[in-house]
Each structure stands twice: as structure tokens, then as C-alpha cells.
Amino acid sequence: MNKKVNTVLFMLGATVVNVLMMIIIFLVLMLLYAWLVPGGFATQLGQVIGIVLFLAAIGLTYFLYHRMIKVISTKWNLDDYFDPIFGKRGGSQGGSQKQE
């Protein structure tokens with residue numbers, strides 16, 4: 001397989017892992033909430049807490065995913081196996097600008 005195929009497969013797999021992590025974290029936070037507050041709150045407050053827990057799950061997933069990718073990147077040199085996702089940035093090409 002070439003680097004482009006590896007990159008696409010890695011991105012698809014990483015997306016699946018990221019979504020599964022978010023679902024698991026959200027469910028754990030909801031179970032923790034249900035365990036800590038067995039009687040629950042009023043309906044409106046419960047909805048707000050559900051939204052807050054969902055946003056917390058997104059933030060925690062981003063933090064954990066970022067750490068996990070950083071560790072994997074340093075453990076294995078991923079640049080050897082994957083194409084850059086975003087092309088090289090443009091810029092000065094070694095003296096192509098005129099001096100006045």
C-alpha cells in the first residue's frame with residue numbers, strides 16, 4: 001500500500017475510534033451523574049446537565065485523542081507511513097522575490 005491509502009485508512013480508523021471514545025465517555029459521565037444524583041433534578045435542569053455532560057465528553061475525548069496520537073506519533077515515526085494531510089505551505093522559494 002502507498003502512503004495515500006495508509007493515510008485514508010488511518011483517518012477512517014481514527015474517526016471510528018474517536019466517535020467510540022466519545023460515546024463511551026458520555027455514557028460513563030451519564031452513569032456517574034445518575035449514580036451521584038439518584039433522584040435527579042427538574043426536567044429543565046436535567047436537560048442542561050445532559051448538554052453539559054455531552055460537551056464535557058467532547059472536550060475530554062479531544063484531550064485524550066490528542067494525547068494518544070502524540071504518544072503514537074513519537075513511539076512510531078508516522079511520517080514514514082503517511083502522506084501529509086495538508087499540502088506544504090507556500091512561501092518564499094529561495095530568492096524569487098525582487099529586491100528594490
# chains A, B, ... in the order shown; residues from 1 in each chain; ligands from 1
call {"tool": "residues_around", "arguments": {"residues": "segment 10-27 of chain A", "least_positions_apart": "3", "cutoff": "9 Å", "atoms": "only C-alpha atoms", "output": "list of chain:residue names"}}
result
A:Val5, A:Asn6, A:Thr7, A:Met30, A:Leu31, A:Leu32, A:Leu53, A:Phe54, A:Leu55, A:Ala56, A:Ala57, A:Ile58, A:Leu60, A:Thr61, A:Tyr62, A:Leu64, A:Tyr65, A:Phe82
call {"tool": "atom_distance", "arguments": {"atom1": "atom CA of Lys3 of chain A", "atom2": "atom CA of Val71 of chain A"}}
result
20.5 Å
call {"tool": "atom_distance", "arguments": {"atom1": "atom CA of Ile49 of chain A", "atom2": "atom CA of Met68 of chain A"}}
result
27.7 Å
call {"tool": "atom_distance", "arguments": {"atom1": "atom CA of Leu29 of chain A", "atom2": "atom CA of Ser73 of chain A"}}
result
28.7 Å
call {"tool": "select_by_dssp", "arguments": {"residues": "segment 38-80 of chain A", "states": "helix (DSSP H, G or I)", "output": "PyMOL selection string"}}
result
chain A and resi 43-75+78-80
call {"tool": "write_last_selection", "arguments": {"atoms": "C-alpha atoms", "output": "compact mmCIF listing (two decimals), in the first residue's frame"}}
result
# COMPACT_ATOMS: atom_id res chain seq x y z
CA THR A 43 -36.67 18.26 33.80
CA GLN A 44 -35.16 21.50 32.52
CA LEU A 45 -32.11 21.26 34.75
CA GLY A 46 -31.65 17.62 33.72
CA GLN A 47 -31.60 18.67 30.07
CA VAL A 48 -29.00 21.35 30.76
CA ILE A 49 -26.86 18.87 32.68
CA GLY A 50 -27.16 16.40 29.79
CA ILE A 51 -25.90 19.05 27.38
CA VAL A 52 -23.06 19.98 29.74
CA LEU A 53 -22.08 16.31 30.07
CA PHE A 54 -22.15 15.92 26.29
CA LEU A 55 -19.90 18.95 25.84
CA ALA A 56 -17.61 17.62 28.59
CA ALA A 57 -17.45 14.29 26.74
CA ILE A 58 -16.43 16.09 23.54
CA GLY A 59 -13.73 18.07 25.36
CA LEU A 60 -12.39 15.05 27.22
CA THR A 61 -12.38 13.00 24.02
CA TYR A 62 -10.40 15.71 22.22
CA PHE A 63 -7.87 15.87 25.07
CA LEU A 64 -7.42 12.07 25.28
CA TYR A 65 -7.34 11.61 21.49
CA HIS A 66 -4.73 14.36 21.13
CA ARG A 67 -2.55 12.73 23.81
CA MET A 68 -2.99 9.28 22.28
CA ILE A 69 -1.99 10.45 18.79
CA LYS A 70 1.01 12.31 20.22
CA VAL A 71 2.23 9.18 22.02
CA ILE A 72 1.67 7.01 18.96
CA SER A 73 3.49 9.56 16.76
CA THR A 74 6.54 9.57 18.98
CA LYS A 75 6.56 5.81 19.51
CA LEU A 78 4.26 8.04 11.40
CA ASP A 79 5.79 10.39 8.81
CA ASP A 80 7.35 7.34 7.16
call {"tool": "decode", "arguments": {"residues": "segment 16-78 of chain A", "atoms": "C-alpha atoms", "output": "compact mmCIF listing (two decimals), in the first residue's frame"}}
result
# COMPACT_ATOMS: atom_id res chain seq x y z
CA VAL A 16 -14.22 5.48 14.36
CA VAL A 17 -12.03 5.30 17.48
CA ASN A 18 -12.73 8.96 18.24
CA VAL A 19 -16.52 8.53 17.97
CA LEU A 20 -16.46 5.34 20.07
CA MET A 21 -14.37 7.10 22.72
CA MET A 22 -16.86 9.96 22.83
CA ILE A 23 -19.84 7.62 23.19
CA ILE A 24 -18.16 5.62 25.96
CA ILE A 25 -17.08 8.74 27.84
CA PHE A 26 -20.57 10.25 27.53
CA LEU A 27 -22.19 7.07 28.82
CA VAL A 28 -19.74 6.88 31.74
CA LEU A 29 -20.45 10.52 32.62
CA MET A 30 -24.21 9.91 32.44
CA LEU A 31 -23.91 6.81 34.63
CA LEU A 32 -21.78 8.74 37.10
CA TYR A 33 -24.37 11.52 37.14
CA ALA A 34 -27.19 9.03 37.68
CA TRP A 35 -25.24 7.36 40.49
CA LEU A 36 -24.37 10.62 42.26
CA VAL A 37 -27.85 12.14 41.89
CA PRO A 38 -30.27 9.22 42.16
CA GLY A 39 -33.40 11.38 42.48
CA GLY A 40 -32.46 13.53 39.52
CA PHE A 41 -33.25 17.18 39.04
CA ALA A 42 -36.13 19.02 37.47
CA THR A 43 -36.67 18.26 33.80
CA GLN A 44 -35.16 21.50 32.52
CA LEU A 45 -32.11 21.26 34.75
CA GLY A 46 -31.65 17.62 33.72
CA GLN A 47 -31.60 18.67 30.07
CA VAL A 48 -29.00 21.35 30.76
CA ILE A 49 -26.86 18.87 32.68
CA GLY A 50 -27.16 16.40 29.79
CA ILE A 51 -25.90 19.05 27.38
CA VAL A 52 -23.06 19.98 29.74
CA LEU A 53 -22.08 16.31 30.07
CA PHE A 54 -22.15 15.92 26.29
CA LEU A 55 -19.90 18.95 25.84
CA ALA A 56 -17.61 17.62 28.59
CA ALA A 57 -17.45 14.29 26.74
CA ILE A 58 -16.43 16.09 23.54
CA GLY A 59 -13.73 18.07 25.36
CA LEU A 60 -12.39 15.05 27.22
CA THR A 61 -12.38 13.00 24.02
CA TYR A 62 -10.40 15.71 22.22
CA PHE A 63 -7.87 15.87 25.07
CA LEU A 64 -7.42 12.07 25.28
CA TYR A 65 -7.34 11.61 21.49
CA HIS A 66 -4.73 14.36 21.13
CA ARG A 67 -2.55 12.73 23.81
CA MET A 68 -2.99 9.28 22.28
CA ILE A 69 -1.99 10.45 18.79
CA LYS A 70 1.01 12.31 20.22
CA VAL A 71 2.23 9.18 22.02
CA ILE A 72 1.67 7.01 18.96
CA SER A 73 3.49 9.56 16.76
CA THR A 74 6.54 9.57 18.98
CA LYS A 75 6.56 5.81 19.51
CA TRP A 76 6.38 5.03 15.79
CA ASN A 77 7.57 7.53 13.22
CA LEU A 78 4.26 8.04 11.40
